[in-house]
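Below you'll find the structure, written out as structure tokens, and then a few comments.
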Amino acid sequence: MNTPYFALKNSNISAFCRYITVFFFLATSCSLARQNDGWRLIPCDTIILPNNIGYTKSYYSAEHSTQVNTYISFPDGQNPPYFHHFCMDSIITTSIFPIYTLLSNYMPENQHNLIIQRPGAKPYFRIDRNGDVMDTLHFFAGEAYQDFWSFMFFYPVVSNNGKFFFYSYISIPNTNDYQENRKSRLYEFGNRYLSKLSIIGDSILITDYRKWVYFPKIYTKEGVSFESYWPKIAVNKKMEFISVFPYVDSLYVTGQDGQQRRYPLYSRHHTNPYNEFNVERYLDYLYLDQYACHEFKFSNVLYDSYRDYIYLTAALPIKFENEDGTKANAADKPWSLIILDSTYAQIGEIDMPDYLSKHSLMVTPQGLAVQKRDLSDKGEAIFIIYKIEKS
């Protein structure tokens, strides 16, 4: 695709109009740069992917020594077949895996194999790029763990010894008090949420599940509750785990030695403390929507292995009730992109355009690929690749 550009082609425009137009463009750009701590987005390419896509993930793979991007395309809406796309150094497909069944969980093992689970099925299946089942795998978690575990939403990362890490927690008997059950679960887990995984023969085994990565101490503080607890994770070239939590103003970094460090996070849009979450209204969906609109929330973290940056996406507070009486949708909240360098120092924040989705970002050698919220007339996903530069 051709790189988007700004140009004045109409030869009938007067020199004065040209001057005013260019002056306005430059003045607007300078104003936005000042607002964004001197950082700016420079579009350098547009890539159109056939069909609608979802579950975009971008992470550094030590196994492949490069950035890997994955996503699932849905040619027929929510009906199979789905297609899992594995991309190295691009968002253009390196390997594609057809999936001919409804999908519960999945994990890209590498560019040749994909592990999937069907809804309600305990075995996991390793498939090849033809969609054929190569192996049947059985998960042995021990009595302390719930039988269900998710690749799809809490995706693992590949360590430099070929092992995997994934979200996990110890299961306790259900109680009628949802929040108390959640607190007890976190307490029983010992404030750790990342487990180590090994695939040996036809078995998937948990190893070192008590060793990796801690929840914030505030999670076990008496009387403190959150609307959402689970973090998002990235991993850098040093194999450090970088975690951000929805309502905690800190970044947590855990090295291979198990030591966890904390770095403060800031935003010009987050000037008030978080409002306390009313645990007695956790099933009141109107209240949940209102809370989600009013609160500042960290929603994702990505590691850029090409520039050694960390990107955080932050959903910004909005009013819940519009002037016309309608209710706002938290999914449509404006967002900003917070940038940290390799020392975890925060170096910038950019207010992102409304037409870009905060839910679909991938890292490429050229820059950060961000999906437009609206599909094309043909139902295609449109990504704009931006260089992020300090002016």
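Simple scheme: letters A, B, ... for chains in structure tokens order, numbers from 1 for residues in each chain, numbers from 1 for ligands in the order shown.
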Please tabulate, as JSON lines, the residues of region 271-312 of chain A that come within 12 Å of region 87-91 of chain A, each with its closest pair of atoms and the distance in Å to one decimal, counting only C-alpha atoms and ordering rows by chain, then residue number upward.
{"residue": "A:Asp304", "atom": "CA", "partner": "A:Asp89", "partner_atom": "CA", "distance": 11.1}
{"residue": "A:Ser305", "atom": "CA", "partner": "A:Asp89", "partner_atom": "CA", "distance": 10.1}
{"residue": "A:Tyr306", "atom": "CA", "partner": "A:Asp89", "partner_atom": "CA", "distance": 9.6}
Store the residues picked out above in a file with N, CA and C atoms, as a short mmCIF file (atom, residue, chain, number, x, y, z; two decimals), in the first residue's frame.
data_model
loop_
_atom_site.label_atom_id
_atom_site.label_comp_id
_atom_site.auth_asym_id
_atom_site.auth_seq_id
_atom_site.Cartn_x
_atom_site.Cartn_y
_atom_site.Cartn_z
N ASP A 304 8.19 -3.26 22.65
CA ASP A 304 8.69 -3.01 21.30
C ASP A 304 10.17 -3.41 21.27
N SER A 305 10.45 -4.58 20.71
CA SER A 305 11.82 -5.11 20.72
C SER A 305 12.74 -4.39 19.75
N TYR A 306 12.18 -3.64 18.82
CA TYR A 306 13.00 -2.93 17.83
C TYR A 306 13.55 -1.62 18.42
#
Taking 4 positions as the minimum chain separation for residues in the same chain, which residues sit within 9 Å of Glu389 (chain A) when counting only C-alpha atoms? Answer as an MDAnalysis selection string. chainID A and resid 38:42
Go ahead and dump the residues you just picked, N, CA and C atoms, as a compact mmCIF listing (two decimals), in the first residue's frame.
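Just written: again.txt:
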# COMPACT_ATOMS: atom_id res chain seq x y z
N GLY A 38 5.63 16.59 23.47
CA GLY A 38 6.60 16.70 22.39
C GLY A 38 6.66 15.48 21.50
N TRP A 39 5.86 14.45 21.77
CA TRP A 39 5.84 13.23 20.95
C TRP A 39 4.75 13.34 19.89
N ARG A 40 4.98 12.69 18.77
CA ARG A 40 3.98 12.73 17.71
C ARG A 40 3.94 11.42 16.95
N LEU A 41 2.78 11.17 16.35
CA LEU A 41 2.57 10.00 15.49
C LEU A 41 2.76 10.41 14.05
N ILE A 42 3.59 9.67 13.33
CA ILE A 42 3.82 9.94 11.90
C ILE A 42 3.40 8.71 11.10
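With only C-alpha atoms as the basis for measurement, A:Thr93 is the residue among A:Thr313, A:Thr93, A:Asn113, A:Ser250 that approaches Leu49 (chain A) most closely.
Here CA of Tyr386 (chain A) and CA of Ile339 (chain A) stand 13.9 Å from one another.
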Can you tell me which residues surround Tyr263 (chain A) at a distance of at most 9 Å, considering only C-alpha atoms, apart from same-chain residues fewer than 2 positions away, and format the answer as an MDAnalysis selection string? chainID A and resid 249:253 261 265 344:345
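The shortest atom-to-atom distance to Pro264 (chain A), with only C-alpha atoms taken into account, belongs to A:Leu340 out of A:Ile233, A:Val213, A:Leu340, A:Ala330.
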Pick out the closest residue to Ser198 (chain A) from this set: A:Arg373, A:Lys297, A:His138, A:His84. Count only C-alpha atoms. A:His138
Region 239-327 of chain A: residues DSSP assigns to helix (DSSP H, G or I), reported as a ChimeraX atom specification: /A:279-281,285-294
What lies within 12 Å of region 118-129 of chain A using only C-alpha atoms, ignoring chain neighbours under 5 positions off, as a CSV table (one decimal) with C-alpha atoms, in the first residue's frame?
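Wrote around-v2.csv, looks like this:
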chain,number,residue,atom,x,y,z
A,80,PRO,CA,-15.8,-21.9,11.8
A,83,PHE,CA,-7.8,-18.8,10.9
A,84,HIS,CA,-5.0,-18.2,13.3
A,85,HIS,CA,-2.2,-16.0,11.8
A,86,PHE,CA,1.4,-16.2,13.1
A,94,THR,CA,4.1,-16.0,8.1
A,95,SER,CA,2.1,-19.1,9.0
A,96,ILE,CA,-1.7,-19.7,9.0
A,97,PHE,CA,-3.6,-22.4,10.8
A,98,PRO,CA,-7.2,-23.2,9.8
A,99,ILE,CA,-9.4,-24.2,12.8
A,100,TYR,CA,-12.5,-26.2,11.8
A,101,THR,CA,-14.1,-26.3,15.2
A,102,LEU,CA,-15.5,-24.0,17.8
A,103,LEU,CA,-12.6,-22.7,19.9
A,104,SER,CA,-12.2,-22.4,23.6
A,105,ASN,CA,-8.5,-21.9,24.1
A,106,TYR,CA,-5.4,-21.7,21.9
A,107,MET,CA,-1.7,-21.1,22.1
A,108,PRO,CA,0.8,-20.7,19.2
A,109,GLU,CA,3.6,-23.2,20.1
A,110,ASN,CA,5.8,-21.9,17.2
A,111,GLN,CA,5.3,-21.0,13.5
A,112,HIS,CA,4.7,-24.7,12.7
A,113,ASN,CA,2.3,-25.8,15.5
A,134,MET,CA,-0.9,-34.1,15.1
A,135,ASP,CA,-1.1,-35.0,18.8
A,136,THR,CA,-3.6,-35.1,21.7
A,137,LEU,CA,-2.3,-33.5,24.9
A,138,HIS,CA,-3.6,-34.0,28.4
A,139,PHE,CA,-3.3,-31.3,31.1
A,140,PHE,CA,-2.2,-32.4,34.5
A,141,ALA,CA,-2.6,-29.5,37.0
A,146,GLN,CA,-9.0,-25.5,38.4
A,147,ASP,CA,-9.4,-27.8,35.5
A,148,PHE,CA,-10.0,-24.9,33.1
A,149,TRP,CA,-7.2,-22.6,32.2
A,150,SER,CA,-7.0,-20.0,29.4
A,151,PHE,CA,-4.5,-19.6,26.6
A,152,MET,CA,-6.9,-17.2,24.7
A,199,ILE,CA,5.0,-29.9,27.4
A,201,GLY,CA,5.4,-36.1,25.4
A,202,ASP,CA,1.6,-36.1,25.4
A,203,SER,CA,1.4,-34.2,28.8
A,204,ILE,CA,1.1,-30.6,29.7
By how many Å are CA of His359 (chain A) and CA of Phe74 (chain A) apart? 16.6 Å
Of the candidates A:Ser357, A:Gln290, A:Thr343, A:Ser376, which one gets nearest to Asn329 (chain A) if we count only C-alpha atoms? A:Gln290
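For the atom pair formed by CA of Tyr247 (chain A) and CA of Thr56 (chain A), the distance is 22.5 Å, given to one decimal.
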Long-range neighbours of Leu361 (chain A) as a compact mmCIF listing (two decimals) with N, CA and C atoms, in the first residue's frame, 9 Å cut-off, only C-alpha atoms, 5 positions minimum in chain:
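Saved the output as around_6.txt:
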# COMPACT_ATOMS: atom_id res chain seq x y z
N THR A 56 -5.73 -9.82 18.89
CA THR A 56 -4.37 -9.46 18.46
C THR A 56 -3.43 -9.51 19.65
N LYS A 57 -2.24 -10.06 19.41
CA LYS A 57 -1.21 -10.17 20.43
C LYS A 57 0.13 -9.85 19.79
N SER A 58 0.98 -9.16 20.53
CA SER A 58 2.29 -8.79 20.02
C SER A 58 3.29 -8.97 21.14
N LEU A 302 2.60 -3.48 25.89
CA LEU A 302 3.32 -4.12 24.79
C LEU A 302 4.80 -3.76 24.89
N LEU A 368 4.51 1.25 15.15
CA LEU A 368 3.38 0.65 15.85
C LEU A 368 2.17 0.60 14.93
N ALA A 369 1.65 -0.62 14.72
CA ALA A 369 0.47 -0.81 13.86
C ALA A 369 -0.77 -0.75 14.73
N VAL A 370 -1.68 0.17 14.40
CA VAL A 370 -2.91 0.36 15.17
C VAL A 370 -4.10 0.22 14.22
N GLN A 371 -5.08 -0.56 14.62
CA GLN A 371 -6.23 -0.81 13.76
C GLN A 371 -7.22 0.34 13.83
N PHE A 383 -5.08 -1.32 9.18
CA PHE A 383 -4.06 -0.93 10.16
C PHE A 383 -3.22 0.20 9.59
As a JSON list (two decimals) with C-alpha atoms, in the first residue's frame, please: the residues near Ala315 (chain A) (cut-off 10 Å, only C-alpha atoms, same-chain neighbours under 3 positions excluded).
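File written: out.json
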[["chain", "number", "residue", "atom", "x", "y", "z"],
["A", 246, "PRO", "CA", -6.00, -2.04, 35.63],
["A", 269, "HIS", "CA", -5.57, 12.48, 32.55],
["A", 292, "ALA", "CA", -15.97, 1.70, 34.04],
["A", 293, "CYS", "CA", -16.74, 5.06, 32.40],
["A", 295, "GLU", "CA", -12.38, 5.52, 36.17],
["A", 296, "PHE", "CA", -8.96, 5.81, 34.54],
["A", 297, "LYS", "CA", -7.79, 2.30, 33.60],
["A", 298, "PHE", "CA", -4.59, 0.74, 32.26],
["A", 299, "SER", "CA", -5.78, -1.70, 29.61],
["A", 300, "ASN", "CA", -2.70, -3.21, 27.93],
["A", 318, "ILE", "CA", -15.66, 10.06, 30.58],
["A", 330, "ALA", "CA", -17.01, 2.31, 28.26],
["A", 331, "ALA", "CA", -15.76, 0.49, 25.16],
["A", 332, "ASP", "CA", -15.74, 3.84, 23.34],
["A", 333, "LYS", "CA", -13.65, 5.69, 25.94],
["A", 334, "PRO", "CA", -10.84, 7.84, 24.52],
["A", 335, "TRP", "CA", -7.35, 6.57, 25.17],
["A", 336, "SER", "CA", -3.74, 7.55, 25.41],
["A", 337, "LEU", "CA", -0.48, 5.76, 24.70],
["A", 358, "LYS", "CA", -7.14, 0.78, 21.79]]
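Across A:Met352, A:Leu194, A:Ile382, A:Val279, the tightest approach to Leu316 (chain A) is made by A:Met352 when counting only C-alpha atoms.
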With only C-alpha atoms as the atoms that count, which of A:Ile385, A:Leu356, A:Val248, A:Val235 lies nearest to Asp308 (chain A)? A:Val235
